[in-house]
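Q: Just passing along the structure, written as structure tokens.
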Amino acid sequence: MRLQKFMAECGIASRRKSEEIIASKRVKVNGAIVTELGYKIDPLTDIIIVDGKRIKHREKKIYIIMNKPKGYVTTVSDEFDRKTVLDLVKDIKERVYPIGRLDYDTSGLLILSNDGELAYRLIHPKFMVVKTYIATVEGTPNKEELERFRKGLEIDGYITSEAEIEVLNTVNDKSVVKIQIHEGKNRQVRKMCEKIGHPINSLKRIAIGELELGTIKKGCWRFLDENEILYLKKI
């Protein structure tokens with residue numbers, strides 16, 4: 001890539017203005033001053049310094065919504081060589097990362113992005129972002145158990161924040177419940193259900209805030225549209 005084009009893409013100046021900066025001996029490539037207009041550089045390996053500061057490409061922000069299947073971990077790599085959610089987005093050139101966690105046996109809505117600020121806002125409890133789950137549990141929680149769940153439970157040495165739970169359906173010895181929490185500690189929903197005596201058989205996240213999973217098939221994904229991105233950034 002031509003040096004002045006790279007500088008323009010990094011937001012230093014227009015190509016014409018970048019040429020003036022190069023001619024003014026203000027640019028170094030790998031430690032040497034370059035004044036040749038049209039000088040070719042490798043954006044991935046060459047170190048470009050302008051006015052004493054290294055410049056890099058502006059990273060294109062990517063926002064993806066995925067229906068995570070069971071059997072995948074929400075990490076960049078796995079010490080046990082299990083499949084990760086990044087295996088499902090291999091055709092994306094930019095590096096993206098899962099925001100928050102869904103455990104190995106949980107499916108549903110997962111956001112992947114390279115926007116660190118957005119990740120912080122969606123994960124940190126102080127922003128009170130509600131996560132909605134549908135779970136199939138053993139038995140049927142009674143009123144007392146539901147109230148304990150809602151008010152907070154002691155798990156792993158801490159008390160969970162207030163939550164919502166609603167029994168949607170009961171078939172044989174199992175119930176389908178809707179759960180809403182704004183925390184995201186490790187396996188929290190599963191531990192909360194176990195605490196009230198109703199272990200989870202299956203768990204799926206269907207929404208984060210007002211962003212819903214919709215009809216995305218398991219293992220598939222799509223880019224978020226502008227309105228969805230704007231909504232998440234306003235949380």
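Ordering of the structure tokens sets the chain letters (A, B, ...); residue numbers start at 1 within each chain; ligands are numbered from 1 in the order shown.
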DSSP on the backbone, then: every residue of chain A marked alpha helix (DSSP H), written as a PyMOL selection string.

A: chain A and resi 3-9+15-23+116-123+143-151+188-195+226-234

Q: I'd like the contact shell of Ile181 of chain A - 10 Å cut-off, only C-alpha atoms, skipping same-chain residues fewer than 4 positions apart - returned as a list in words.

A: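 Within the cut-off, the hits are Pro125, Met128, Val129, Val130, Lys131, Thr132, Tyr133, Arg150, Thr160, Ser161, Glu162, Ala163, Glu164, Ile165, Gln188, Val189 and Ile208 of chain A.
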
Q: Within 10 Å of Tyr72 of chain A, counting only C-alpha atoms, which residues qualify if same-chain residues fewer than 3 places away don't, as a PyMOL selection string?

A: chain A and resi 68-69+75+78+82-88+102-107+219

Q: When you count only C-alpha atoms, which of these residues is closest to Gly52 of chain A: A:Thr215, A:Gly71, A:Ile99, A:Ala32?

A: A:Ala32

Q: Nearest to Ala207 of chain A: which of A:Leu109, A:Ala23, A:Val167, A:Leu224 is it, counting only C-alpha atoms?

A: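 For Ala207 of chain A, the nearest of the given residues is A:Leu109.
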
Q: Find the residues of segment 62-181 of chain A that sit at most 8 Å from segment 197-200 of chain A; for each, write down the nearest two atoms and how far apart they are in Å, to one decimal. Count only C-alpha atoms. Sort by chain, then by number going up, and give it as a tab-separated table.

A:
```
residue	atom	partner	partner_atom	distance
A:Ala135	CA	A:Ile200	CA	6.6
A:Thr136	CA	A:Ile200	CA	5.8
A:Val137	CA	A:Ile200	CA	4.3
A:Glu138	CA	A:His198	CA	5.0
A:Gly139	CA	A:His198	CA	6.2
A:Thr140	CA	A:His198	CA	7.4
A:Pro141	CA	A:His198	CA	6.9
```

Q: Take atom CA of Asn114 of chain A and atom CA of Val96 of chain A and report the distance between them in Å, one decimal.

A: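 Taking atom CA of Asn114 of chain A as the start and atom CA of Val96 of chain A as the end point, the length is 4.8 Å.
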
Q: Got a sec: who's within 10 Å of Ile65 of chain A, counting only C-alpha atoms, leaving out chain neighbours fewer than 5 positions off, as a PyMOL selection string?

A: chain A and resi 98+108-113+211-213+216+220-225

Q: Could you turn the residues from that selection into a file that holds N, CA and C atoms, as a JSON list (two decimals), in the first residue's frame?

A:
```json
[["chain", "number", "residue", "atom", "x", "y", "z"],
["A", 98, "PRO", "N", -16.58, -12.69, 21.93],
["A", 98, "PRO", "CA", -17.90, -12.81, 22.55],
["A", 98, "PRO", "C", -18.05, -11.84, 23.71],
["A", 108, "GLY", "N", -28.44, -19.98, 22.60],
["A", 108, "GLY", "CA", -29.18, -18.74, 22.48],
["A", 108, "GLY", "C", -28.37, -17.52, 22.11],
["A", 109, "LEU", "N", -28.94, -16.37, 22.42],
["A", 109, "LEU", "CA", -28.42, -15.09, 21.95],
["A", 109, "LEU", "C", -27.05, -14.76, 22.52],
["A", 110, "LEU", "N", -26.12, -14.49, 21.60],
["A", 110, "LEU", "CA", -24.78, -14.07, 21.98],
["A", 110, "LEU", "C", -24.36, -12.96, 21.03],
["A", 111, "ILE", "N", -23.77, -11.90, 21.59],
["A", 111, "ILE", "CA", -23.26, -10.81, 20.78],
["A", 111, "ILE", "C", -21.75, -10.94, 20.69],
["A", 112, "LEU", "N", -21.22, -10.77, 19.49],
["A", 112, "LEU", "CA", -19.78, -10.75, 19.27],
["A", 112, "LEU", "C", -19.41, -9.41, 18.65],
["A", 113, "SER", "N", -18.30, -8.83, 19.12],
["A", 113, "SER", "CA", -17.91, -7.51, 18.62],
["A", 113, "SER", "C", -16.45, -7.25, 18.94],
["A", 211, "LEU", "N", -33.16, -6.35, 22.65],
["A", 211, "LEU", "CA", -32.64, -7.06, 21.49],
["A", 211, "LEU", "C", -32.99, -8.54, 21.60],
["A", 212, "GLU", "N", -33.80, -9.03, 20.66],
["A", 212, "GLU", "CA", -34.29, -10.40, 20.73],
["A", 212, "GLU", "C", -33.60, -11.30, 19.71],
["A", 213, "LEU", "N", -33.51, -12.58, 20.06],
["A", 213, "LEU", "CA", -32.87, -13.56, 19.17],
["A", 213, "LEU", "C", -33.66, -13.74, 17.88],
["A", 216, "ILE", "N", -33.23, -16.48, 14.19],
["A", 216, "ILE", "CA", -31.90, -16.94, 13.79],
["A", 216, "ILE", "C", -31.74, -18.42, 14.18],
["A", 220, "CYS", "N", -26.15, -20.12, 13.54],
["A", 220, "CYS", "CA", -26.13, -19.07, 12.52],
["A", 220, "CYS", "C", -26.01, -17.69, 13.17],
["A", 221, "TRP", "N", -25.71, -16.70, 12.35],
["A", 221, "TRP", "CA", -25.52, -15.34, 12.86],
["A", 221, "TRP", "C", -25.84, -14.34, 11.76],
["A", 222, "ARG", "N", -25.95, -13.08, 12.18],
["A", 222, "ARG", "CA", -26.11, -11.97, 11.23],
["A", 222, "ARG", "C", -25.51, -10.72, 11.84],
["A", 223, "PHE", "N", -25.23, -9.74, 11.00],
["A", 223, "PHE", "CA", -24.78, -8.45, 11.51],
["A", 223, "PHE", "C", -25.96, -7.70, 12.11],
["A", 224, "LEU", "N", -25.72, -6.97, 13.18],
["A", 224, "LEU", "CA", -26.75, -6.11, 13.73],
["A", 224, "LEU", "C", -26.98, -4.93, 12.78],
["A", 225, "ASP", "N", -28.23, -4.49, 12.68],
["A", 225, "ASP", "CA", -28.49, -3.33, 11.83],
["A", 225, "ASP", "C", -28.21, -2.05, 12.62]]
```

Q: Could you give me, as a PyMOL selection string, the residues within 10 Å of Arg15 of chain A, counting only C-alpha atoms and dropping anything in the same chain fewer than 3 positions from it?

A: chain A and resi 2-9+11-12+18-21

Q: Neighbouring residues of Arg187 of chain A were defined as those with any atom within 9 Å, considering only C-alpha atoms; residues of the same chain fewer than 3 positions away were excluded. Please report them as a CSV table (one decimal) with N, CA and C atoms, in the first residue's frame.

A:
```csv
chain,number,residue,atom,x,y,z
A,101,ARG,N,-20.9,-14.3,28.6
A,101,ARG,CA,-20.8,-15.8,28.5
A,101,ARG,C,-22.1,-16.5,28.4
A,102,LEU,N,-22.1,-17.6,27.6
A,102,LEU,CA,-23.1,-18.6,27.7
A,102,LEU,C,-22.3,-19.9,27.9
A,103,ASP,N,-22.7,-20.7,28.9
A,103,ASP,CA,-21.8,-21.9,29.2
A,103,ASP,C,-22.0,-22.9,28.1
A,184,GLY,N,-24.4,-11.6,35.5
A,184,GLY,CA,-23.9,-12.6,34.6
A,184,GLY,C,-22.8,-13.4,35.1
A,190,ARG,N,-28.3,-21.4,36.3
A,190,ARG,CA,-28.4,-22.8,36.7
A,190,ARG,C,-28.2,-22.9,38.2
A,191,LYS,N,-27.3,-22.2,38.8
A,191,LYS,CA,-27.1,-22.3,40.2
A,191,LYS,C,-28.3,-21.8,41.0
A,192,MET,N,-29.0,-20.7,40.5
A,192,MET,CA,-30.2,-20.2,41.2
A,192,MET,C,-31.3,-21.2,41.1
```

Q: Could you pull out all residues of segment 3-214 of chain A with a DSSP call of strand (DSSP E) and give them as an MDAnalysis selection string?

A: chainID A and resid 27:29 32:33 48:50 53:54 63:68 97:99 107:113 131:138 154:155 158:159 164:171 174:181 200:208 211:212

Q: Mind pulling up the distance from atom CA of Arg54 of chain A to atom CA of Ser77 of chain A?

A: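 Atom-to-atom, atom CA of Ser77 of chain A and atom CA of Arg54 of chain A are spaced 29.6 Å apart.
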
Q: For Arg121 of chain A, which residue among A:Arg148, A:Lys93, A:Lys28, A:Lys234 is the nearest when counting only C-alpha atoms?

A: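 Distance minimum relative to Arg121 of chain A lands on A:Lys234.
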
Q: What does the distance between atom CA of Ile64 of chain A and atom CA of Lys233 of chain A come to in Å, to one decimal place?

A: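 If I compute the distance from atom CA of Ile64 of chain A to atom CA of Lys233 of chain A, I get 13.9 Å.
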
Q: Pick from A:Ile206, A:Val89, A:Ile155, A:Ile196: nearest to Gln180 of chain A, with only C-alpha atoms counted?

A: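 Closest residue, counting only C-alpha atoms: A:Ile206.
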
Q: For a quick check of understanding, using only C-alpha atoms, which of A:Asn30, A:Asn186, A:Asn67, A:Asn142 has the smallest distance to Ile49 of chain A?

A: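 The answer is A:Asn30, which sits nearest to Ile49 of chain A.
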
Q: With distances taken over only C-alpha atoms, which of A:Ala13, A:Ile22, A:Tyr158, A:Lys70 is nearest to Ser202 of chain A?

A: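 Result for the nearest residue to Ser202 of chain A: A:Lys70.
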